[in-house]
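Novice: Following this line is run.cif, made up of mmCIF, C-alpha atoms:
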```cif
data_model
#
loop_
_atom_site.label_atom_id
_atom_site.label_comp_id
_atom_site.auth_asym_id
_atom_site.auth_seq_id
_atom_site.Cartn_x
_atom_site.Cartn_y
_atom_site.Cartn_z
CA MET A 13 15.19 1.56 -63.14
CA PHE A 14 12.87 -1.33 -62.68
CA ARG A 15 13.40 -1.60 -59.03
CA LYS A 16 10.94 1.10 -58.24
CA ARG A 17 8.21 -0.79 -59.86
CA TYR A 18 8.81 -3.84 -57.75
CA ARG A 19 9.19 -2.07 -54.45
CA GLN A 20 7.20 -4.08 -52.01
CA GLN A 21 5.08 -2.44 -49.40
CA ILE A 22 6.05 -3.44 -45.89
CA PRO A 23 3.12 -5.46 -44.61
CA GLU A 24 1.36 -3.79 -41.73
CA LEU A 25 1.64 -5.44 -38.38
CA ASN A 26 -1.66 -6.77 -37.21
CA THR A 27 -2.24 -4.97 -33.92
CA THR A 28 -5.81 -6.00 -33.36
CA SER A 29 -4.92 -8.21 -30.44
CA THR A 30 -2.85 -5.59 -28.59
CA ALA A 31 -6.09 -4.26 -27.19
CA ASP A 32 -6.98 -7.69 -25.87
CA ILE A 33 -3.59 -8.14 -24.30
CA SER A 34 -3.70 -4.79 -22.56
CA PHE A 35 -7.25 -5.50 -21.44
CA MET A 36 -6.02 -8.67 -19.84
CA LEU A 37 -3.28 -6.75 -18.03
CA LEU A 38 -5.79 -4.17 -16.90
CA ILE A 39 -8.15 -6.78 -15.53
CA PHE A 40 -5.28 -8.53 -13.81
CA PHE A 41 -4.35 -5.31 -12.02
CA LEU A 42 -7.96 -4.60 -11.14
CA VAL A 43 -8.33 -7.99 -9.54
CA THR A 44 -5.03 -8.22 -7.68
CA SER A 45 -4.60 -4.71 -6.40
CA SER A 46 -6.18 -3.88 -3.08
CA MET A 47 -8.32 -0.81 -3.38
CA ASP A 48 -9.06 -0.77 0.31
CA THR A 49 -8.35 2.52 1.95
CA ASP A 50 -7.26 2.08 5.50
CA LYS A 51 -9.92 3.43 7.76
CA GLY A 52 -10.08 3.40 11.47
CA LEU A 53 -10.57 5.11 14.77
CA MET A 54 -7.65 7.34 15.74
CA ARG A 55 -6.69 7.47 19.39
CA GLN A 56 -3.88 9.10 21.24
CA MET A 57 -2.59 7.15 24.19
CA ALA A 58 -1.32 8.76 27.33
CA PRO A 59 2.42 8.56 27.95
CA PRO A 60 3.53 5.83 30.35
CA PRO A 61 2.92 6.79 33.97
CA MET A 62 5.95 8.12 35.75
CA GLU A 63 7.08 6.52 38.97
CA HIS A 64 5.57 8.02 42.07
CA GLU A 65 3.13 9.94 39.97
CA GLN A 66 0.13 11.06 41.91
CA PRO A 67 -3.13 10.11 40.27
CA MET A 68 -5.10 13.15 39.31
CA ASP A 69 -7.88 14.16 41.62
CA ILE A 70 -11.10 14.19 39.75
CA ASN A 71 -14.48 14.84 41.21
CA LYS A 72 -16.22 11.48 41.41
CA ASP A 73 -19.47 12.94 40.11
CA LEU A 74 -17.81 13.85 36.83
CA VAL A 75 -16.37 10.43 36.14
CA MET A 76 -18.34 8.04 34.00
CA ASN A 77 -17.17 4.52 34.65
CA VAL A 78 -17.67 2.53 31.50
CA SER A 79 -16.65 -1.06 31.76
CA LEU A 80 -16.83 -4.16 29.71
CA ASP A 81 -16.90 -7.50 31.48
CA ALA A 82 -15.76 -10.92 30.35
CA HIS A 83 -19.08 -11.62 28.65
CA ASP A 84 -19.03 -8.38 26.66
CA GLN A 85 -21.62 -6.88 28.96
CA LEU A 86 -21.41 -3.11 28.94
CA THR A 87 -21.98 -1.29 32.19
CA LEU A 88 -22.05 2.41 32.95
CA ASP A 89 -21.61 3.28 36.63
CA GLY A 90 -22.83 -0.19 37.54
CA LYS A 91 -25.90 -0.17 35.32
CA THR A 92 -26.15 -2.36 32.24
CA VAL A 93 -26.53 -0.24 29.12
CA THR A 94 -26.57 -0.67 25.37
CA PHE A 95 -24.12 1.04 23.04
CA ALA A 96 -26.78 3.52 21.92
CA GLN A 97 -27.56 4.40 25.53
CA LEU A 98 -23.87 4.88 26.22
CA THR A 99 -23.66 7.37 23.35
CA GLU A 100 -26.64 9.26 24.76
CA GLU A 101 -25.24 9.32 28.29
CA VAL A 102 -21.81 10.50 27.21
CA ARG A 103 -23.39 13.14 25.02
CA THR A 104 -25.47 14.45 27.89
CA MET A 105 -22.51 14.50 30.26
CA ALA A 106 -20.19 16.13 27.77
CA SER A 107 -22.69 18.82 26.87
CA ILE A 108 -23.21 19.75 30.53
CA ASN A 109 -19.55 19.83 31.47
CA PRO A 110 -17.44 19.71 28.31
CA THR A 111 -14.07 20.17 29.94
CA GLY A 112 -14.58 18.68 33.37
CA HIS A 113 -15.99 15.24 32.83
CA VAL A 114 -14.02 12.06 32.29
CA VAL A 115 -15.07 8.89 30.57
CA ALA A 116 -13.14 6.12 32.25
CA ILE A 117 -12.99 3.04 30.11
CA GLN A 118 -12.11 -0.36 31.41
CA ALA A 119 -12.21 -3.67 29.64
CA ASP A 120 -11.82 -7.15 31.02
CA ARG A 121 -9.02 -9.23 29.55
CA GLU A 122 -11.57 -11.77 28.36
CA ALA A 123 -13.79 -9.26 26.59
CA THR A 124 -13.69 -9.38 22.81
CA TYR A 125 -12.09 -6.71 20.70
CA GLU A 126 -15.29 -6.15 18.78
CA ALA A 127 -17.21 -5.15 21.89
CA TYR A 128 -14.35 -2.90 22.93
CA PHE A 129 -14.24 -1.30 19.53
CA ARG A 130 -17.97 -0.70 19.51
CA MET A 131 -17.68 0.88 22.94
CA GLN A 132 -14.96 3.24 21.69
CA ASP A 133 -17.02 3.92 18.61
CA ALA A 134 -20.08 4.74 20.71
CA VAL A 135 -18.13 7.18 22.89
CA VAL A 136 -16.49 8.88 19.93
CA SER A 137 -19.81 9.15 18.16
CA ALA A 138 -21.18 11.12 21.14
CA TYR A 139 -18.34 13.65 20.82
CA ASN A 140 -18.65 13.81 17.06
CA SER A 141 -22.33 14.59 17.23
CA LEU A 142 -21.67 17.37 19.75
CA ARG A 143 -18.94 18.82 17.56
CA GLN A 144 -21.15 18.56 14.53
CA GLN A 145 -23.90 20.42 16.33
CA TYR A 146 -21.51 23.14 17.50
CA ALA A 147 -20.15 23.54 13.99
CA GLN A 148 -23.64 23.95 12.59
CA GLU A 149 -24.63 26.48 15.24
CA HIS A 150 -21.53 28.63 15.16
CA TYR A 151 -20.16 28.31 11.66
CA GLY A 152 -23.27 27.21 9.81
CA LYS A 153 -21.60 24.30 8.14
CA ALA A 154 -20.73 20.70 8.78
CA TYR A 155 -17.66 19.89 10.87
CA GLN A 156 -16.01 18.25 7.88
CA ARG A 157 -16.24 21.53 5.95
CA CYS A 158 -14.65 23.65 8.66
CA ASN A 159 -11.07 24.77 8.27
CA ALA A 160 -8.26 23.76 10.61
CA GLU A 161 -8.68 26.80 12.86
CA GLU A 162 -12.38 26.30 13.29
CA ARG A 163 -11.87 22.64 13.97
CA THR A 164 -9.34 23.37 16.68
CA ALA A 165 -11.81 25.78 18.27
CA ILE A 166 -14.51 23.13 18.17
CA ASN A 167 -12.20 20.44 19.51
CA ASP A 168 -11.21 22.74 22.36
CA ARG A 169 -14.85 23.34 23.11
CA TYR A 170 -15.62 19.63 23.21
CA PRO A 171 -12.42 17.75 23.98
CA GLN A 172 -12.54 13.98 24.07
CA ARG A 173 -11.86 13.20 27.67
CA ILE A 174 -11.43 9.49 27.68
CA SER A 175 -9.22 7.80 30.21
CA GLU A 176 -8.22 4.25 29.91
CA GLY A 177 -7.33 2.24 32.97
CA LEU A 178 -4.86 -0.34 31.84
CA ARG A 179 -4.26 -3.03 34.35
CA VAL A 180 -0.79 -2.70 35.70
CA GLY A 181 1.31 -5.81 36.17
CA ASP A 182 0.61 -6.42 39.83
CA GLY A 183 -3.11 -6.60 39.26
CA THR A 184 -3.94 -3.19 40.64
CA SER A 185 -5.81 -0.99 38.28
CA GLY A 186 -3.96 2.18 37.58
CA MET A 187 -5.83 5.11 36.17
CA ASN A 188 -3.89 6.70 33.39
CA PRO A 189 -4.11 10.39 32.64
CA ILE A 190 -6.59 11.48 30.07
CA GLU A 191 -6.25 9.89 26.70
CA LYS A 192 -6.67 12.64 24.20
CA GLY A 193 -9.03 12.26 21.35
CA GLY A 194 -7.55 11.46 17.99
CA GLN A 195 -7.30 13.92 15.22
CA PRO A 196 -10.61 13.77 13.45
CA MET B 11 -34.88 8.65 -67.43
CA ARG B 12 -32.59 6.24 -65.82
CA PRO B 13 -31.95 2.91 -67.37
CA MET B 14 -34.11 0.10 -66.07
CA ARG B 15 -31.16 -1.80 -64.82
CA SER B 16 -30.18 0.65 -62.20
CA MET B 17 -33.65 1.01 -60.71
CA PHE B 18 -33.48 -2.47 -59.20
CA HIS B 19 -29.84 -2.51 -58.57
CA THR B 20 -29.21 -1.85 -54.90
CA HIS B 21 -25.95 -0.15 -54.20
CA ARG B 22 -24.08 -2.14 -51.64
CA HIS B 23 -22.38 0.34 -49.35
CA ASN B 24 -19.54 -1.11 -47.45
CA VAL B 25 -19.65 -0.04 -43.81
CA PRO B 26 -16.33 1.66 -43.24
CA SER B 27 -14.36 -0.25 -40.64
CA LEU B 28 -13.65 1.52 -37.38
CA ASN B 29 -10.10 2.46 -36.82
CA VAL B 30 -9.11 0.71 -33.63
CA ALA B 31 -5.44 1.47 -33.85
CA SER B 32 -5.58 3.85 -30.86
CA MET B 33 -7.59 1.55 -28.63
CA PRO B 34 -4.53 -0.18 -27.13
CA ASP B 35 -3.14 3.24 -26.26
CA LEU B 36 -6.34 4.14 -24.48
CA ILE B 37 -6.39 0.93 -22.52
CA PHE B 38 -2.73 1.27 -21.65
CA THR B 39 -3.48 4.70 -20.26
CA VAL B 40 -6.16 3.24 -18.01
CA LEU B 41 -3.79 0.45 -17.04
CA PHE B 42 -1.04 2.85 -16.05
CA PHE B 43 -3.53 4.91 -14.11
CA PHE B 44 -4.51 1.86 -12.10
CA MET B 45 -0.93 0.82 -11.61
CA ILE B 46 -0.11 4.20 -10.16
CA VAL B 47 -3.10 4.82 -7.90
CA THR B 48 -3.38 1.40 -6.32
CA HIS B 49 -0.93 0.50 -3.66
CA MET B 50 0.31 -2.97 -3.24
CA ARG B 51 0.15 -4.22 0.29
CA SER B 52 3.71 -5.10 1.11
CA ASP B 53 3.01 -7.13 4.21
CA GLU B 54 2.00 -10.68 3.91
CA VAL B 55 -0.65 -11.22 6.54
CA LYS B 56 0.05 -14.51 8.24
CA VAL B 57 -2.87 -14.50 10.62
CA ARG B 58 -6.56 -14.83 9.91
CA LEU B 59 -8.53 -11.79 10.89
CA GLN B 60 -11.66 -9.85 10.28
CA VAL B 61 -11.66 -6.26 11.49
CA PRO B 62 -14.68 -4.89 13.35
CA GLU B 63 -17.17 -2.41 11.96
CA GLY B 64 -17.67 1.13 13.12
CA SER B 65 -19.51 4.26 12.14
CA GLU B 66 -17.00 6.91 13.24
CA VAL B 67 -13.99 5.70 11.31
CA LYS B 68 -11.77 8.14 9.46
CA LYS B 69 -9.29 7.70 6.71
CA LEU B 70 -5.77 7.03 7.82
CA ALA B 71 -3.47 9.74 6.56
CA ASN B 72 0.27 9.59 5.92
CA LYS B 73 0.72 5.95 5.02
CA ALA B 74 4.50 6.17 5.14
CA ALA B 75 4.47 6.64 8.90
CA VAL B 76 2.14 3.75 9.64
CA VAL B 77 3.23 0.58 11.38
CA ASN B 78 0.75 -2.22 11.00
CA ILE B 79 0.02 -4.66 13.77
CA TYR B 80 -2.11 -7.60 12.81
CA ILE B 81 -3.69 -9.65 15.53
CA GLY B 82 -5.50 -12.78 14.58
CA ARG B 83 -5.71 -16.50 14.66
CA GLN B 84 -3.31 -19.01 13.27
CA GLY B 85 -4.80 -22.40 13.96
CA ASP B 86 -5.98 -22.13 17.55
CA ASP B 87 -3.44 -19.59 18.72
CA TRP B 88 -3.78 -15.86 18.81
CA LEU B 89 -0.73 -14.27 17.29
CA VAL B 90 0.58 -10.76 16.87
CA GLN B 91 2.23 -9.78 13.62
CA LEU B 92 4.17 -6.55 13.32
CA ASN B 93 4.58 -5.45 9.70
CA ASP B 94 5.98 -8.69 8.35
CA ASP B 95 6.89 -10.91 11.25
CA ILE B 96 5.12 -12.68 14.05
CA VAL B 97 6.27 -11.13 17.30
CA LYS B 98 5.66 -11.49 21.00
CA PRO B 99 4.26 -8.43 22.77
CA GLU B 100 7.50 -8.07 24.74
CA GLU B 101 9.50 -7.67 21.54
CA ILE B 102 7.41 -4.78 20.28
CA PRO B 103 9.34 -1.89 21.93
CA ALA B 104 12.58 -3.09 20.34
CA ARG B 105 10.89 -3.41 16.95
CA ILE B 106 9.43 0.06 17.20
CA GLU B 107 12.89 1.42 17.97
CA GLN B 108 14.28 -0.33 14.90
CA ILE B 109 11.54 1.13 12.73
CA ARG B 110 12.09 4.58 14.20
CA ALA B 111 15.77 4.40 13.35
CA THR B 112 15.02 3.87 9.67
CA MET B 113 12.49 6.70 9.44
CA SER B 114 13.12 10.35 8.76
CA PRO B 115 12.64 12.67 11.75
CA GLU B 116 9.46 14.21 10.33
CA LEU B 117 7.92 10.80 9.93
CA VAL B 118 8.91 9.68 13.40
CA GLU B 119 6.71 12.43 14.81
CA HIS B 120 3.75 11.12 12.89
CA LEU B 121 4.40 7.48 13.66
CA THR B 122 1.04 5.78 13.91
CA VAL B 123 0.41 2.20 14.85
CA SER B 124 -2.55 0.71 13.12
CA PHE B 125 -4.27 -2.17 14.84
CA ARG B 126 -5.81 -4.61 12.47
CA ALA B 127 -7.22 -7.03 14.95
CA ASP B 128 -9.77 -9.76 14.61
CA ARG B 129 -13.20 -9.16 16.11
CA HIS B 130 -12.93 -12.00 18.55
CA THR B 131 -9.48 -11.19 19.88
CA PRO B 132 -9.49 -11.24 23.66
CA MET B 133 -8.75 -7.77 25.02
CA GLY B 134 -5.88 -9.14 27.09
CA ILE B 135 -3.68 -9.42 24.01
CA ILE B 136 -4.63 -5.96 22.81
CA GLN B 137 -3.90 -4.52 26.22
CA ASP B 138 -0.48 -6.17 26.33
CA VAL B 139 0.36 -4.77 22.92
CA LYS B 140 -0.93 -1.34 23.89
CA GLN B 141 1.16 -1.35 27.02
CA ALA B 142 4.22 -2.31 25.02
CA LEU B 143 3.52 0.58 22.65
CA GLN B 144 3.01 2.95 25.52
CA GLN B 145 6.40 2.04 26.90
CA SER B 146 8.04 2.79 23.59
CA TYR B 147 6.16 6.09 23.30
CA ALA B 148 4.35 5.06 20.15
CA LEU B 149 1.23 6.79 21.37
CA ARG B 150 -0.72 7.43 18.21
CA ILE B 151 -2.78 4.40 17.53
CA ASN B 152 -5.52 3.59 15.12
CA TYR B 153 -8.10 0.86 15.42
CA SER B 154 -8.63 -0.26 11.88
CA ALA B 155 -12.21 -1.04 10.95
CA THR B 156 -14.60 -1.15 8.06
CA GLU B 157 -17.12 1.62 7.81
CA ILE B 158 -20.83 1.07 8.22
CA LYS B 159 -22.97 3.69 6.62
#
```
What do you get writing this file as structure tokens?

Specialist:
Amino acid sequence: MFRKRYRQQIPELNTTSTADISFMLLIFFLVTSSMDTDKGLMRQMAPPPMEHEQPMDINKDLVMNVSLDAHDQLTLDGKTVTFAQLTEEVRTMASINPTGHVVAIQADREATYEAYFRMQDAVVSAYNSLRQQYAQEHYGKAYQRCNAEERTAINDRYPQRISEGLRVGDGTSGMNPIEKGGQP
Amino acid sequence: MRPMRSMFHTHRHNVPSLNVASMPDLIFTVLFFFMIVTHMRSDEVKVRLQVPEGSEVKKLANKAAVVNIYIGRQGDDWLVQLNDDIVKPEEIPARIEQIRATMSPELVEHLTVSFRADRHTPMGIIQDVKQALQQSYALRINYSATEIK
């Protein structure tokens, strides 16, 4: 009978600090987690050369010999060039003969990776600008906005014809078949 | 007419307190969102490296099929690290085979090797690694870099 009158209210739990605790967890995750998205330059290497494989015959006039020496000096067919010039030259060559030319890359073992990467970047940028231009002219939109079919058509129009001469064990320089351009 | 008393008496309104009971829930939602979208890098990088910069870089798709190769300095030596362990270039084909064996067939087709190499790495090391990869038919490679706008 009297109990009802004395029924105590359960005291409410003080949850004010839960917000602070979860904020701390949130900030911890924000700080420790790596948000970096892996970005890079995709390349497709040629399969290993078969024994007794005949090197492909390519017209010398269509080959652009790009090489990087031990001091990171970039040369194109014997002439010293900058990365921007290389892009221009490759662009010109690829627009004249999109499917016949070859960009032959060679790097000295002492060259730095950065120079090599910038060389690759310069060559790829030449192809990308050509593809971009083609996409604008024929589809009226940027390459990135084209669908898979259109992209394949563009890539077939301007294939990346980059060949990389890896030095073979005995010191002779073997020319590998064309290294296909990576999926953009 | 109102009594004189109330003319000077200012009513003190209590500002109603904001109900913050749902704030932890909100923050927990944000927390869970972050926990889900961020990926934890599983490899412990044992070499010091700084990747180069490029303008034509693309996002690397299909993370499950990516094998990471880190090339960088440890003290004065240049070392190659594949996923979690320091390896010699000659050991790479065997490692790739091991990794292939654990992957599903669809992933094996999309196997990509991502080079995270330091800017000042001599090309000789990179070429050795590339040749090793070529021998093991891991032909899709990616030169990891930061993007310059």

Novice: Kindly provide the residues of chain A that approach chain B to within 6 Å, each paired with its closest atom pair and their distance in Å to one decimal, based on all atoms listed in the file, listed by chain and increasing number, as JSON lines.

Specialist:
```
{"residue": "A:Thr30", "atom": "CA", "partner": "B:Pro34", "partner_atom": "CA", "distance": 5.8}
{"residue": "A:Ala31", "atom": "CA", "partner": "B:Pro34", "partner_atom": "CA", "distance": 4.4}
{"residue": "A:Leu38", "atom": "CA", "partner": "B:Leu41", "partner_atom": "CA", "distance": 5.0}
{"residue": "A:Asp50", "atom": "CA", "partner": "B:Leu70", "partner_atom": "CA", "distance": 5.7}
{"residue": "A:Lys51", "atom": "CA", "partner": "B:Lys69", "partner_atom": "CA", "distance": 4.4}
{"residue": "A:Gly52", "atom": "CA", "partner": "B:Ser154", "partner_atom": "CA", "distance": 4.0}
{"residue": "A:Leu53", "atom": "CA", "partner": "B:Val67", "partner_atom": "CA", "distance": 4.9}
{"residue": "A:Met54", "atom": "CA", "partner": "B:Asn152", "partner_atom": "CA", "distance": 4.4}
{"residue": "A:Arg55", "atom": "CA", "partner": "B:Ile151", "partner_atom": "CA", "distance": 5.3}
{"residue": "A:Gln56", "atom": "CA", "partner": "B:Arg150", "partner_atom": "CA", "distance": 4.7}
{"residue": "A:Met57", "atom": "CA", "partner": "B:Leu149", "partner_atom": "CA", "distance": 4.8}
{"residue": "A:Pro60", "atom": "CA", "partner": "B:Gln144", "partner_atom": "CA", "distance": 5.6}
{"residue": "A:Arg121", "atom": "CA", "partner": "B:Gly134", "partner_atom": "CA", "distance": 4.0}
{"residue": "A:Glu122", "atom": "CA", "partner": "B:Pro132", "partner_atom": "CA", "distance": 5.2}
{"residue": "A:Ala123", "atom": "CA", "partner": "B:Met133", "partner_atom": "CA", "distance": 5.5}
{"residue": "A:Thr124", "atom": "CA", "partner": "B:Pro132", "partner_atom": "CA", "distance": 4.7}
{"residue": "A:Tyr125", "atom": "CA", "partner": "B:Thr131", "partner_atom": "CA", "distance": 5.2}
{"residue": "A:Glu126", "atom": "CA", "partner": "B:Arg129", "partner_atom": "CA", "distance": 4.5}
```

Novice: Let's have the selection written as a tab-separated table (two decimals), in the frame of the given file, with C-alpha atoms.

Specialist:
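again33.tsv, written as the output of this step:
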```tsv
chain	number	residue	atom	x	y	z
A	30	THR	CA	-2.85	-5.59	-28.59
A	31	ALA	CA	-6.09	-4.26	-27.19
A	38	LEU	CA	-5.79	-4.17	-16.90
A	50	ASP	CA	-7.26	2.08	5.50
A	51	LYS	CA	-9.92	3.43	7.76
A	52	GLY	CA	-10.08	3.40	11.47
A	53	LEU	CA	-10.57	5.11	14.77
A	54	MET	CA	-7.65	7.34	15.74
A	55	ARG	CA	-6.69	7.47	19.39
A	56	GLN	CA	-3.88	9.10	21.24
A	57	MET	CA	-2.59	7.15	24.19
A	60	PRO	CA	3.53	5.83	30.35
A	121	ARG	CA	-9.02	-9.23	29.55
A	122	GLU	CA	-11.57	-11.77	28.36
A	123	ALA	CA	-13.79	-9.26	26.59
A	124	THR	CA	-13.69	-9.38	22.81
A	125	TYR	CA	-12.09	-6.71	20.70
A	126	GLU	CA	-15.29	-6.15	18.78
```

Novice: May I ask which of the residues B:Ile102, B:Ile46, B:Leu92, B:Ile158 is the closest one to Asp133 in chain A, counting all atoms listed in the file?

Specialist: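 Once distances to Asp133 in chain A are computed over all atoms listed in the file, the minimum belongs to B:Ile158.
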
Novice: Could you state the separation of CA of Arg163 in chain A and CA of Ala106 in chain A in Å, given to one decimal place?

Specialist: 17.4 Å

Novice: May I ask for the distance between CA of Arg169 in chain A and CA of Leu98 in chain A, given in Å to one decimal place?

Specialist: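 Atom-to-atom, CA of Arg169 in chain A and CA of Leu98 in chain A are spaced 20.8 Å apart.
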
Novice: CA of Ile106 in chain B to CA of Pro171 in chain A: how many Å, to one decimal?

Specialist: 28.9 Å

Novice: Which residues, named as in the file, does the PyMOL selection byres ((chain B and resi 83) around 10) pick out? Answer as a list in words.

Specialist: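 Here the PyMOL selection byres ((chain B and resi 83) around 10) matches Lys56, Val57, Arg58, Leu59, Gln60, Tyr80, Ile81, Gly82, Gln84, Gly85, Asp86, Asp87, Trp88, Leu89, Val90, Ala127, Asp128, His130 and Thr131 of chain B.
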
Novice: At a cut-off of 12 Å, using all atoms listed in the file, what residues contact Arg110 in chain B? Leave out same-chain residues fewer than 5 positions from it and give the result as a CSV table (one decimal) with C-alpha atoms, in the frame of the given file.

Specialist:
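Ended up saving to part_2.csv:
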```csv
chain,number,residue,atom,x,y,z
B,74,ALA,CA,4.5,6.2,5.1
B,75,ALA,CA,4.5,6.6,8.9
B,76,VAL,CA,2.1,3.8,9.6
B,77,VAL,CA,3.2,0.6,11.4
B,103,PRO,CA,9.3,-1.9,21.9
B,104,ALA,CA,12.6,-3.1,20.3
B,105,ARG,CA,10.9,-3.4,17.0
B,115,PRO,CA,12.6,12.7,11.8
B,116,GLU,CA,9.5,14.2,10.3
B,117,LEU,CA,7.9,10.8,9.9
B,118,VAL,CA,8.9,9.7,13.4
B,119,GLU,CA,6.7,12.4,14.8
B,120,HIS,CA,3.8,11.1,12.9
B,121,LEU,CA,4.4,7.5,13.7
B,122,THR,CA,1.0,5.8,13.9
B,123,VAL,CA,0.4,2.2,14.8
B,146,SER,CA,8.0,2.8,23.6
B,147,TYR,CA,6.2,6.1,23.3
B,148,ALA,CA,4.4,5.1,20.2
```

Novice: Take the PyMOL selection byres ((chain A and resi 74-84) around 6), run it mentally on this structure, and tell me the resulting residues as a list in words.

Specialist: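 Here the PyMOL selection byres ((chain A and resi 74-84) around 6) matches Asn71, Lys72, Asp73, Gln85, Leu86, Thr87, Leu88, Asp89, His113, Val114, Val115, Ala116, Ile117, Gln118, Ala119, Asp120, Glu122 and Ala123 of chain A.
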
Novice: Which residue is closest to Asn167 in chain A? Choose from A:Thr111, A:Tyr128, A:Ser34, A:Gln148 and count all atoms listed in the file.

Specialist: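 Going through A:Thr111, A:Tyr128, A:Ser34, A:Gln148 one by one, the smallest distance to Asn167 in chain A is for A:Thr111.
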
Novice: Write only N, CA and C atoms for range 137-150 of chain B from the block just shown, as a PDB file, in the first residue's frame.

Specialist:
```
ATOM      1  N   GLN B 137      65.199  -2.718 -62.983  1.00  0.00           N
ATOM      2  CA  GLN B 137      65.257  -3.587 -64.152  1.00  0.00           C
ATOM      3  C   GLN B 137      65.372  -5.053 -63.749  1.00  0.00           C
ATOM      4  N   ASP B 138      66.159  -5.319 -62.710  1.00  0.00           N
ATOM      5  CA  ASP B 138      66.266  -6.705 -62.232  1.00  0.00           C
ATOM      6  C   ASP B 138      64.913  -7.227 -61.780  1.00  0.00           C
ATOM      7  N   VAL B 139      64.202  -6.391 -61.026  1.00  0.00           N
ATOM      8  CA  VAL B 139      62.893  -6.812 -60.527  1.00  0.00           C
ATOM      9  C   VAL B 139      61.929  -7.017 -61.685  1.00  0.00           C
ATOM     10  N   LYS B 140      61.992  -6.106 -62.658  1.00  0.00           N
ATOM     11  CA  LYS B 140      61.091  -6.215 -63.800  1.00  0.00           C
ATOM     12  C   LYS B 140      61.370  -7.487 -64.593  1.00  0.00           C
ATOM     13  N   GLN B 141      62.660  -7.803 -64.715  1.00  0.00           N
ATOM     14  CA  GLN B 141      62.988  -9.009 -65.457  1.00  0.00           C
ATOM     15  C   GLN B 141      62.483 -10.250 -64.732  1.00  0.00           C
ATOM     16  N   ALA B 142      62.614 -10.213 -63.402  1.00  0.00           N
ATOM     17  CA  ALA B 142      62.120 -11.338 -62.605  1.00  0.00           C
ATOM     18  C   ALA B 142      60.612 -11.481 -62.795  1.00  0.00           C
ATOM     19  N   LEU B 143      59.910 -10.347 -62.840  1.00  0.00           N
ATOM     20  CA  LEU B 143      58.462 -10.392 -63.010  1.00  0.00           C
ATOM     21  C   LEU B 143      58.099 -10.899 -64.400  1.00  0.00           C
ATOM     22  N   GLN B 144      58.899 -10.479 -65.375  1.00  0.00           N
ATOM     23  CA  GLN B 144      58.638 -10.902 -66.738  1.00  0.00           C
ATOM     24  C   GLN B 144      58.752 -12.412 -66.855  1.00  0.00           C
ATOM     25  N   GLN B 145      59.756 -12.961 -66.172  1.00  0.00           N
ATOM     26  CA  GLN B 145      59.938 -14.403 -66.213  1.00  0.00           C
ATOM     27  C   GLN B 145      58.778 -15.148 -65.575  1.00  0.00           C
ATOM     28  N   SER B 146      58.165 -14.532 -64.574  1.00  0.00           N
ATOM     29  CA  SER B 146      57.052 -15.225 -63.929  1.00  0.00           C
ATOM     30  C   SER B 146      55.714 -14.779 -64.513  1.00  0.00           C
ATOM     31  N   TYR B 147      55.767 -14.144 -65.667  1.00  0.00           N
ATOM     32  CA  TYR B 147      54.561 -13.727 -66.390  1.00  0.00           C
ATOM     33  C   TYR B 147      53.627 -12.832 -65.566  1.00  0.00           C
ATOM     34  N   ALA B 148      54.198 -12.088 -64.654  1.00  0.00           N
ATOM     35  CA  ALA B 148      53.398 -11.069 -63.976  1.00  0.00           C
ATOM     36  C   ALA B 148      53.636  -9.781 -64.756  1.00  0.00           C
ATOM     37  N   LEU B 149      52.843  -9.612 -65.812  1.00  0.00           N
ATOM     38  CA  LEU B 149      53.187  -8.583 -66.798  1.00  0.00           C
ATOM     39  C   LEU B 149      52.483  -7.248 -66.583  1.00  0.00           C
ATOM     40  N   ARG B 150      51.442  -7.270 -65.752  1.00  0.00           N
ATOM     41  CA  ARG B 150      50.779  -5.984 -65.496  1.00  0.00           C
ATOM     42  C   ARG B 150      51.486  -5.299 -64.347  1.00  0.00           C
TER      43      ARG B 150
END
```
